[in-house]
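A.B. asks: Data: data_4.cif, mmCIF, C-alpha atoms.
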```
data_my_file
#
loop_
_atom_site.label_atom_id
_atom_site.label_comp_id
_atom_site.auth_asym_id
_atom_site.auth_seq_id
_atom_site.Cartn_x
_atom_site.Cartn_y
_atom_site.Cartn_z
CA MET A 1469 20.77 11.97 4.04
CA ALA A 1470 23.26 10.89 1.42
CA ASP A 1471 26.67 9.90 2.67
CA THR A 1472 27.99 9.53 -0.85
CA GLN A 1473 29.56 12.54 -2.53
CA ARG A 1474 27.79 11.95 -5.81
CA PRO A 1475 25.94 15.01 -7.14
CA LEU A 1476 22.14 14.56 -7.03
CA SER A 1477 19.75 15.78 -9.71
CA PRO A 1478 17.76 18.91 -8.82
CA HIS A 1479 14.79 18.07 -6.68
CA LEU A 1480 11.40 19.59 -5.95
CA GLN A 1481 12.61 23.13 -5.27
CA VAL A 1482 13.38 23.84 -8.94
CA TYR A 1483 9.88 23.10 -10.27
CA ARG A 1484 6.90 25.38 -10.61
CA TRP A 1485 3.86 24.10 -8.70
CA GLN A 1486 1.47 22.05 -10.83
CA VAL A 1487 -1.28 19.54 -10.15
CA GLN A 1488 0.56 16.56 -11.71
CA MET A 1489 3.28 17.10 -9.13
CA VAL A 1490 0.77 17.19 -6.28
CA SER A 1491 -0.99 14.03 -7.44
CA SER A 1492 2.32 12.21 -7.61
CA ILE A 1493 3.54 13.37 -4.21
CA LEU A 1494 0.18 12.62 -2.62
CA HIS A 1495 0.27 9.09 -4.05
CA ARG A 1496 3.50 8.42 -2.18
CA ALA A 1497 2.41 10.19 0.98
CA THR A 1498 -0.95 8.40 1.14
CA GLY A 1499 0.79 5.11 0.34
CA ILE A 1500 3.08 5.53 3.34
CA ALA A 1501 0.11 6.58 5.51
CA LEU A 1502 -1.87 3.53 4.39
CA ALA A 1503 1.07 1.23 5.16
CA VAL A 1504 0.93 2.53 8.74
CA GLY A 1505 -2.88 2.31 8.64
CA SER A 1506 -2.67 -1.37 7.66
CA LEU A 1507 -1.46 -2.02 11.21
CA LEU A 1508 -4.72 -0.41 12.39
CA VAL A 1509 -6.73 -2.89 10.30
CA VAL A 1510 -4.81 -5.80 11.84
CA CYS A 1511 -5.28 -4.23 15.28
CA GLY A 1512 -9.05 -4.14 14.76
CA LEU A 1513 -9.12 -7.78 13.61
CA LEU A 1514 -7.04 -8.87 16.63
CA GLN A 1515 -9.38 -7.04 19.01
CA LEU A 1516 -12.41 -8.58 17.30
CA ALA A 1517 -10.86 -12.03 17.76
CA ALA A 1518 -9.84 -11.31 21.37
CA GLY A 1519 -13.39 -10.79 22.63
CA GLU A 1520 -16.17 -8.33 23.27
CA SER A 1521 -14.49 -6.15 25.92
CA SER A 1522 -11.29 -5.58 23.96
CA PHE A 1523 -13.25 -4.86 20.80
CA GLU A 1524 -15.40 -2.28 22.61
CA ARG A 1525 -12.21 -0.64 23.89
CA PHE A 1526 -10.86 -0.51 20.33
CA ARG A 1527 -14.16 0.96 19.19
CA GLN A 1528 -14.05 3.68 21.86
CA LEU A 1529 -10.53 4.53 20.75
CA ILE A 1530 -11.71 4.89 17.14
CA GLY A 1531 -14.73 6.89 18.28
CA SER A 1532 -12.64 9.32 20.36
CA PRO A 1533 -11.81 12.74 18.82
CA VAL A 1534 -8.23 11.68 18.03
CA GLY A 1535 -9.48 8.40 16.59
CA MET A 1536 -12.05 10.18 14.43
CA VAL A 1537 -9.41 12.52 13.00
CA LEU A 1538 -7.21 9.49 12.27
CA MET A 1539 -10.12 7.70 10.59
CA LEU A 1540 -10.95 10.78 8.51
CA GLY A 1541 -7.33 11.03 7.36
CA TRP A 1542 -7.12 7.30 6.78
CA SER A 1543 -10.33 7.17 4.74
CA TRP A 1544 -9.24 10.08 2.53
CA ALA A 1545 -5.77 8.51 2.07
CA LEU A 1546 -7.41 5.26 1.03
CA PHE A 1547 -9.81 6.91 -1.42
CA TYR A 1548 -7.05 9.06 -2.89
CA HIS A 1549 -4.64 6.15 -3.30
CA LEU A 1550 -7.50 4.13 -4.82
CA CYS A 1551 -8.50 6.83 -7.36
CA ASN A 1552 -4.96 7.75 -8.28
CA GLY A 1553 -3.95 4.08 -8.31
CA ILE A 1554 -6.62 3.35 -10.92
CA ARG A 1555 -5.31 6.37 -12.85
CA HIS A 1556 -1.78 4.97 -12.71
CA LEU A 1557 -2.97 1.54 -13.89
CA ILE A 1558 -4.66 3.19 -16.88
CA GLN A 1559 -1.46 5.13 -17.62
CA ASP A 1560 0.60 1.94 -17.27
CA ALA A 1561 -1.61 0.47 -20.00
CA GLY A 1562 -0.45 3.36 -22.21
CA PHE A 1563 -3.38 5.78 -22.08
CA GLY A 1564 -3.77 9.39 -20.97
CA TYR A 1565 -0.34 10.85 -21.63
CA GLU A 1566 -1.47 13.95 -23.55
CA ILE A 1567 -0.75 16.90 -21.26
CA PRO A 1568 -4.39 18.11 -21.02
CA GLN A 1569 -5.53 14.54 -20.25
CA PHE A 1570 -2.76 14.17 -17.69
CA VAL A 1571 -3.79 17.38 -15.92
CA ARG A 1572 -7.46 16.43 -16.06
CA SER A 1573 -6.87 12.96 -14.63
CA SER A 1574 -4.74 14.47 -11.85
CA TRP A 1575 -7.62 16.71 -10.84
CA SER A 1576 -10.02 13.76 -11.13
CA SER A 1577 -8.00 11.82 -8.57
CA VAL A 1578 -7.92 14.74 -6.12
CA ILE A 1579 -11.59 15.70 -6.52
CA GLY A 1580 -12.80 12.09 -6.74
CA SER A 1581 -11.09 11.22 -3.48
CA ILE A 1582 -12.70 14.20 -1.70
CA VAL A 1583 -16.16 13.31 -3.08
CA LEU A 1584 -15.79 9.67 -1.97
CA THR A 1585 -14.58 10.71 1.48
CA VAL A 1586 -17.51 13.11 1.94
CA ALA A 1587 -19.94 10.42 0.71
CA ALA A 1588 -18.54 7.80 3.08
CA TRP A 1589 -18.69 10.15 6.08
CA ALA A 1590 -22.18 11.33 5.14
CA TRP A 1591 -23.18 7.67 5.24
CA VAL A 1592 -21.48 7.24 8.61
CA LEU A 1593 -23.19 10.28 10.14
CA MET A 1594 -26.61 9.61 8.62
CA ALA A 1595 -26.61 5.97 9.68
CA GLY A 1596 -26.69 7.01 13.33
CA GLY A 1597 -23.96 9.28 14.65
CA ALA A 1598 -20.30 8.62 15.17
CA ALA A 1599 -19.14 5.06 15.80
CA MET B 1291 38.25 -19.67 -36.20
CA ASN B 1292 38.55 -16.79 -33.79
CA LEU B 1293 37.86 -17.85 -30.23
CA ARG B 1294 38.54 -14.50 -28.64
CA VAL B 1295 35.15 -13.53 -27.21
CA GLY B 1296 36.21 -11.33 -24.31
CA THR B 1297 39.35 -9.81 -22.90
CA ASP B 1298 42.37 -11.97 -22.19
CA ASP B 1299 41.69 -11.35 -18.54
CA VAL B 1300 38.25 -12.96 -18.74
CA ARG B 1301 39.56 -15.83 -20.85
CA SER B 1302 42.26 -16.55 -18.36
CA GLN B 1303 39.59 -17.12 -15.73
CA LEU B 1304 37.97 -19.70 -18.04
CA ARG B 1305 34.65 -17.98 -17.49
CA ASN B 1306 32.13 -16.75 -19.96
CA PRO B 1307 31.81 -12.95 -19.72
CA MET B 1308 28.06 -13.49 -19.21
CA LYS B 1309 28.87 -14.91 -15.77
CA LEU B 1310 30.22 -11.51 -14.72
CA ALA B 1311 27.34 -9.54 -16.19
CA ARG B 1312 24.38 -11.61 -15.07
CA GLY B 1313 22.41 -10.13 -12.18
CA LEU B 1314 24.42 -6.91 -12.17
CA GLY B 1315 22.36 -4.93 -14.65
CA SER B 1316 20.63 -1.79 -13.47
CA ALA B 1317 17.26 -3.53 -13.61
CA LYS B 1318 18.20 -6.52 -11.41
CA SER B 1319 14.78 -8.05 -10.70
CA GLY B 1320 12.94 -4.81 -11.39
CA VAL B 1321 10.46 -6.12 -13.91
CA GLY B 1322 9.16 -8.69 -11.45
CA HIS B 1323 8.77 -6.00 -8.81
CA TRP B 1324 6.96 -3.70 -11.24
CA TRP B 1325 4.52 -6.38 -12.34
CA THR B 1326 3.78 -7.64 -8.84
CA GLN B 1327 3.09 -4.09 -7.71
CA ARG B 1328 0.54 -3.64 -10.53
CA VAL B 1329 -1.12 -7.01 -10.07
CA THR B 1330 -1.51 -6.51 -6.31
CA ALA B 1331 -2.81 -3.00 -7.07
CA ALA B 1332 -5.47 -4.38 -9.41
CA ALA B 1333 -6.48 -6.93 -6.76
CA LEU B 1334 -6.62 -4.20 -4.11
CA VAL B 1335 -8.96 -2.07 -6.22
CA ALA B 1336 -11.58 -4.82 -5.88
CA LEU B 1337 -10.64 -5.97 -2.36
CA GLY B 1338 -10.28 -2.40 -1.05
CA ILE B 1339 -13.73 -1.34 -2.26
CA TRP B 1340 -15.21 -4.54 -0.81
CA PHE B 1341 -13.45 -3.92 2.52
CA VAL B 1342 -14.62 -0.29 2.81
CA VAL B 1343 -18.23 -1.22 1.96
CA THR B 1344 -18.15 -4.10 4.45
CA VAL B 1345 -16.78 -1.90 7.23
CA LEU B 1346 -19.29 0.87 6.48
CA CYS B 1347 -22.15 -1.64 6.67
CA LEU B 1348 -20.89 -3.02 10.00
CA LEU B 1349 -20.17 0.38 11.54
CA HIS B 1350 -23.07 0.37 13.98
CA ALA B 1351 -23.39 -3.37 14.38
CA ASP B 1352 -22.91 -4.90 17.85
CA TYR B 1353 -20.00 -7.23 18.66
CA ALA B 1354 -21.80 -10.50 17.90
CA THR B 1355 -23.04 -9.25 14.51
CA ALA B 1356 -19.60 -7.97 13.53
CA ARG B 1357 -17.95 -11.23 14.56
CA ALA B 1358 -20.57 -13.33 12.77
CA ALA B 1359 -20.06 -11.26 9.60
CA VAL B 1360 -16.30 -11.84 9.63
CA ALA B 1361 -16.87 -15.54 10.33
CA LYS B 1362 -18.90 -16.01 7.12
CA PRO B 1363 -16.78 -18.12 4.73
CA TRP B 1364 -16.74 -15.62 1.87
CA ASN B 1365 -15.99 -12.68 4.11
CA ALA B 1366 -13.22 -14.58 5.93
CA LEU B 1367 -11.69 -15.63 2.61
CA LEU B 1368 -11.78 -12.13 1.12
CA LEU B 1369 -10.53 -10.60 4.36
CA ILE B 1370 -7.49 -12.91 4.39
CA ALA B 1371 -6.87 -12.11 0.72
CA PHE B 1372 -7.17 -8.40 1.52
CA VAL B 1373 -4.72 -8.55 4.44
CA LEU B 1374 -2.10 -10.53 2.50
CA THR B 1375 -2.37 -8.39 -0.65
CA MET B 1376 -2.35 -5.16 1.34
CA PHE B 1377 0.91 -6.00 3.14
CA TRP B 1378 2.50 -7.34 -0.03
CA HIS B 1379 1.64 -4.17 -1.94
CA ALA B 1380 2.78 -2.01 1.01
CA VAL B 1381 6.21 -3.69 1.10
CA LEU B 1382 6.68 -3.21 -2.66
CA GLY B 1383 5.63 0.44 -2.45
CA LEU B 1384 7.73 1.25 0.61
CA GLN B 1385 10.71 -0.42 -1.06
CA VAL B 1386 10.51 2.10 -3.92
CA VAL B 1387 10.32 4.99 -1.45
CA VAL B 1388 13.28 3.67 0.58
CA GLU B 1389 15.35 3.11 -2.56
CA ASP B 1390 14.57 6.64 -3.75
CA TYR B 1391 15.35 8.54 -0.55
CA VAL B 1392 17.74 6.48 1.56
CA HIS B 1393 21.10 6.74 -0.16
CA THR B 1394 23.26 5.02 2.45
CA ARG B 1395 23.44 1.34 1.71
CA TRP B 1396 23.42 -0.05 5.26
CA LYS B 1397 20.53 2.19 6.31
CA GLU B 1398 18.61 1.14 3.22
CA VAL B 1399 19.12 -2.56 3.96
CA VAL B 1400 18.30 -2.24 7.68
CA LEU B 1401 15.14 -0.25 6.92
CA MET B 1402 13.96 -2.69 4.25
CA VAL B 1403 14.55 -5.72 6.47
CA ALA B 1404 12.68 -4.00 9.33
CA ILE B 1405 9.76 -3.17 7.02
CA LYS B 1406 9.61 -6.75 5.77
CA PHE B 1407 9.71 -8.21 9.29
CA LEU B 1408 6.91 -5.88 10.38
CA ALA B 1409 4.84 -6.62 7.28
CA VAL B 1410 5.17 -10.39 7.68
CA LEU B 1411 4.22 -10.15 11.38
CA GLY B 1412 1.26 -7.91 10.49
CA ALA B 1413 0.06 -10.24 7.74
CA LEU B 1414 0.39 -13.33 9.95
CA ALA B 1415 -1.38 -11.63 12.86
CA GLY B 1416 -4.22 -10.52 10.59
CA VAL B 1417 -4.66 -13.97 9.05
CA LEU B 1418 -4.50 -15.62 12.48
CA ALA B 1419 -7.17 -13.24 13.83
CA VAL B 1420 -9.54 -13.96 10.93
CA LEU B 1421 -8.97 -17.72 11.29
CA ARG B 1422 -9.66 -17.55 15.03
CA ILE B 1423 -12.93 -15.76 14.35
CA ALA B 1424 -13.92 -18.00 11.45
CA LEU B 1425 -13.01 -21.32 13.06
CA THR B 1426 -14.22 -20.73 16.63
CA PRO B 1427 -17.94 -21.44 16.90
#
```
Show me, as structure tokens, the structure contained in the file I just sent.

C.D. replies:
Amino acid sequence: MADTQRPLSPHLQVYRWQVQMVSSILHRATGIALAVGSLLVVCGLLQLAAGESSFERFRQLIGSPVGMVLMLGWSWALFYHLCNGIRHLIQDAGFGYEIPQFVRSSWSSVIGSIVLTVAAWAWVLMAGGAA
Amino acid sequence: MNLRVGTDDVRSQLRNPMKLARGLGSAKSGVGHWWTQRVTAAALVALGIWFVVTVLCLLHADYATARAAVAKPWNALLLIAFVLTMFWHAVLGLQVVVEDYVHTRWKEVVLMVAIKFLAVLGALAGVLAVLRIALTP
């Protein structure tokens, strides 16, 4: 990747696996996924503005197996980035830097995002089947 | 009085050494970037939750209901705010990722310009769509 001959600092391969690392990597990964997903939001709005037939087509696409998997991934990415984003804002304010707190808040982001995703999809399925 | 403030070289250019230093620090405009990223993040906490709840409530609505919901003034306003803030925050976040992993200057610049073009187009398209829905009876 680098064309320059500068030595780079050791990267991920030298660290032992720990949850703080996962929460940080996931924040980036979900951020990139959500940036792509933002085009999906705009796509939906454009179809809604374009008229009933194009919106129904968009809806069928979302409701298809591939669309559902995408929506599941997108919703989890959003909930994770939301939970961990709030965690980062709290840390930016200067709180939660003790190692046990840091580990606990990392787990909170991961578990919180899964709980929210399950809750949202339970609501989707209970309110009358897949869209 | 001693007037020697910099090297003879700098003095011979009749320029204050500050002129050569300004804008070349490692931070550049980093603080502005950092703050904007946090402020848009705080806004997106509220707007994101609102957006998800709104979408979940409209999931099984028919076309006319969904369109009427978006056309409501408050919803249209918040939706435009959401779209603009989302793309703004996305550009700031992707910029950090690009700067961290793309170490060849021209690739970095090309990628960032492409991301910004796409984000501006996305934001404009989203705003235009909401306005069309909100302003067409």

A.B. asks: Find, counting all atoms listed in the file, the residue in B:Phe1341, B:Trp1364, B:Tyr1353, B:Phe1407 that gets nearest to A:Ala1518.

C.D. replies: B:Tyr1353

A.B. asks: With a cut-off of 10 Å and counting only C-alpha atoms, select all residues of chain A in contact with chain B and give the selection as a ChimeraX atom specification.

C.D. replies: /A:1469-1472,1496-1497,1499-1500,1502-1504,1506-1521,1523-1524,1527,1543,1546-1547,1549-1551,1553-1554,1556-1557,1560,1588-1589,1591-1592,1595-1599

A.B. asks: With the PyMOL selection byres ((chain A and resi 1488) around 12) as the selection, what would be picked from this file? Answer as a PyMOL selection string, please.

C.D. replies: chain A and resi 1483-1487+1489-1495+1552+1555-1556+1565+1567-1578

A.B. asks: Draw an axis-aligned box over all listed atoms of stretch 1518-1528 of chain A, pad each side with 4 Å, and write its centre and edge lengths in Å, one decimal, as lines of an AutoDock Vina configuration file.

C.D. replies:
```
center_x = -13.0
center_y = -3.8
center_z = 22.6
size_x = 14.3
size_y = 23.0
size_z = 14.7
```

A.B. asks: Grab the atom CA of B:Trp1325 to atom CA of A:Ile1579 distance for me, in Å with one decimal place.

C.D. replies: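 Computed distance, atom CA of B:Trp1325 to atom CA of A:Ile1579, equals 27.9 Å.
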
A.B. asks: Because the input lacks atoms here, generate N, CA and C atoms for stretch 1327-1361 of chain B and report them as a short mmCIF file (atom, residue, chain, number, x, y, z; two decimals), in the frame of the given file.

C.D. replies:
```
data_model
loop_
_atom_site.label_atom_id
_atom_site.label_comp_id
_atom_site.auth_asym_id
_atom_site.auth_seq_id
_atom_site.Cartn_x
_atom_site.Cartn_y
_atom_site.Cartn_z
N GLN B 1327 3.72 -5.28 -8.27
CA GLN B 1327 3.09 -4.09 -7.71
C GLN B 1327 1.78 -3.77 -8.44
N ARG B 1328 1.76 -3.92 -9.76
CA ARG B 1328 0.54 -3.64 -10.53
C ARG B 1328 -0.54 -4.69 -10.30
N VAL B 1329 -0.12 -5.96 -10.25
CA VAL B 1329 -1.12 -7.01 -10.07
C VAL B 1329 -1.76 -6.91 -8.68
N THR B 1330 -0.93 -6.67 -7.64
CA THR B 1330 -1.51 -6.51 -6.31
C THR B 1330 -2.38 -5.26 -6.26
N ALA B 1331 -2.00 -4.22 -7.02
CA ALA B 1331 -2.81 -3.00 -7.07
C ALA B 1331 -4.18 -3.29 -7.66
N ALA B 1332 -4.19 -4.04 -8.77
CA ALA B 1332 -5.47 -4.38 -9.41
C ALA B 1332 -6.34 -5.18 -8.44
N ALA B 1333 -5.72 -6.13 -7.73
CA ALA B 1333 -6.48 -6.93 -6.76
C ALA B 1333 -7.02 -6.04 -5.65
N LEU B 1334 -6.21 -5.05 -5.23
CA LEU B 1334 -6.62 -4.20 -4.11
C LEU B 1334 -7.73 -3.22 -4.50
N VAL B 1335 -7.84 -2.91 -5.80
CA VAL B 1335 -8.96 -2.07 -6.22
C VAL B 1335 -10.26 -2.77 -5.83
N ALA B 1336 -10.37 -4.06 -6.20
CA ALA B 1336 -11.58 -4.82 -5.88
C ALA B 1336 -11.68 -5.08 -4.37
N LEU B 1337 -10.59 -5.60 -3.78
CA LEU B 1337 -10.64 -5.97 -2.36
C LEU B 1337 -10.82 -4.75 -1.47
N GLY B 1338 -10.19 -3.62 -1.86
CA GLY B 1338 -10.28 -2.40 -1.05
C GLY B 1338 -11.70 -1.87 -1.02
N ILE B 1339 -12.34 -1.82 -2.22
CA ILE B 1339 -13.73 -1.34 -2.26
C ILE B 1339 -14.61 -2.25 -1.43
N TRP B 1340 -14.43 -3.58 -1.59
CA TRP B 1340 -15.21 -4.54 -0.81
C TRP B 1340 -15.00 -4.31 0.70
N PHE B 1341 -13.76 -4.10 1.10
CA PHE B 1341 -13.45 -3.92 2.52
C PHE B 1341 -14.13 -2.67 3.08
N VAL B 1342 -14.02 -1.55 2.33
CA VAL B 1342 -14.62 -0.29 2.81
C VAL B 1342 -16.14 -0.44 2.94
N VAL B 1343 -16.77 -1.04 1.91
CA VAL B 1343 -18.23 -1.22 1.96
C VAL B 1343 -18.61 -2.11 3.15
N THR B 1344 -17.86 -3.19 3.34
CA THR B 1344 -18.15 -4.10 4.45
C THR B 1344 -18.04 -3.38 5.79
N VAL B 1345 -16.97 -2.61 5.97
CA VAL B 1345 -16.78 -1.90 7.23
C VAL B 1345 -17.88 -0.87 7.43
N LEU B 1346 -18.24 -0.14 6.36
CA LEU B 1346 -19.29 0.87 6.48
C LEU B 1346 -20.62 0.23 6.87
N CYS B 1347 -20.89 -0.97 6.34
CA CYS B 1347 -22.15 -1.64 6.67
C CYS B 1347 -22.16 -2.15 8.11
N LEU B 1348 -20.97 -2.44 8.66
CA LEU B 1348 -20.89 -3.02 10.00
C LEU B 1348 -20.65 -1.96 11.08
N LEU B 1349 -20.61 -0.68 10.65
CA LEU B 1349 -20.17 0.38 11.54
C LEU B 1349 -20.95 0.42 12.85
N HIS B 1350 -22.26 0.23 12.77
CA HIS B 1350 -23.07 0.37 13.98
C HIS B 1350 -23.57 -0.97 14.48
N ALA B 1351 -22.98 -2.05 13.94
CA ALA B 1351 -23.39 -3.37 14.38
C ALA B 1351 -22.80 -3.66 15.77
N ASP B 1352 -23.48 -4.54 16.55
CA ASP B 1352 -22.91 -4.90 17.85
C ASP B 1352 -21.82 -5.97 17.64
N TYR B 1353 -21.17 -6.34 18.75
CA TYR B 1353 -20.00 -7.23 18.66
C TYR B 1353 -20.35 -8.56 17.99
N ALA B 1354 -21.45 -9.17 18.42
CA ALA B 1354 -21.80 -10.50 17.90
C ALA B 1354 -22.06 -10.45 16.40
N THR B 1355 -22.74 -9.38 15.95
CA THR B 1355 -23.04 -9.25 14.51
C THR B 1355 -21.75 -9.08 13.71
N ALA B 1356 -20.86 -8.22 14.23
CA ALA B 1356 -19.60 -7.97 13.53
C ALA B 1356 -18.78 -9.26 13.43
N ARG B 1357 -18.72 -9.99 14.53
CA ARG B 1357 -17.95 -11.23 14.56
C ARG B 1357 -18.56 -12.27 13.62
N ALA B 1358 -19.89 -12.36 13.64
CA ALA B 1358 -20.57 -13.33 12.77
C ALA B 1358 -20.33 -12.98 11.30
N ALA B 1359 -20.28 -11.68 10.99
CA ALA B 1359 -20.06 -11.26 9.60
C ALA B 1359 -18.66 -11.68 9.13
N VAL B 1360 -17.67 -11.47 10.00
CA VAL B 1360 -16.30 -11.84 9.63
C VAL B 1360 -16.18 -13.36 9.51
N ALA B 1361 -16.97 -14.09 10.31
CA ALA B 1361 -16.87 -15.54 10.33
C ALA B 1361 -17.48 -16.19 9.08
#
```
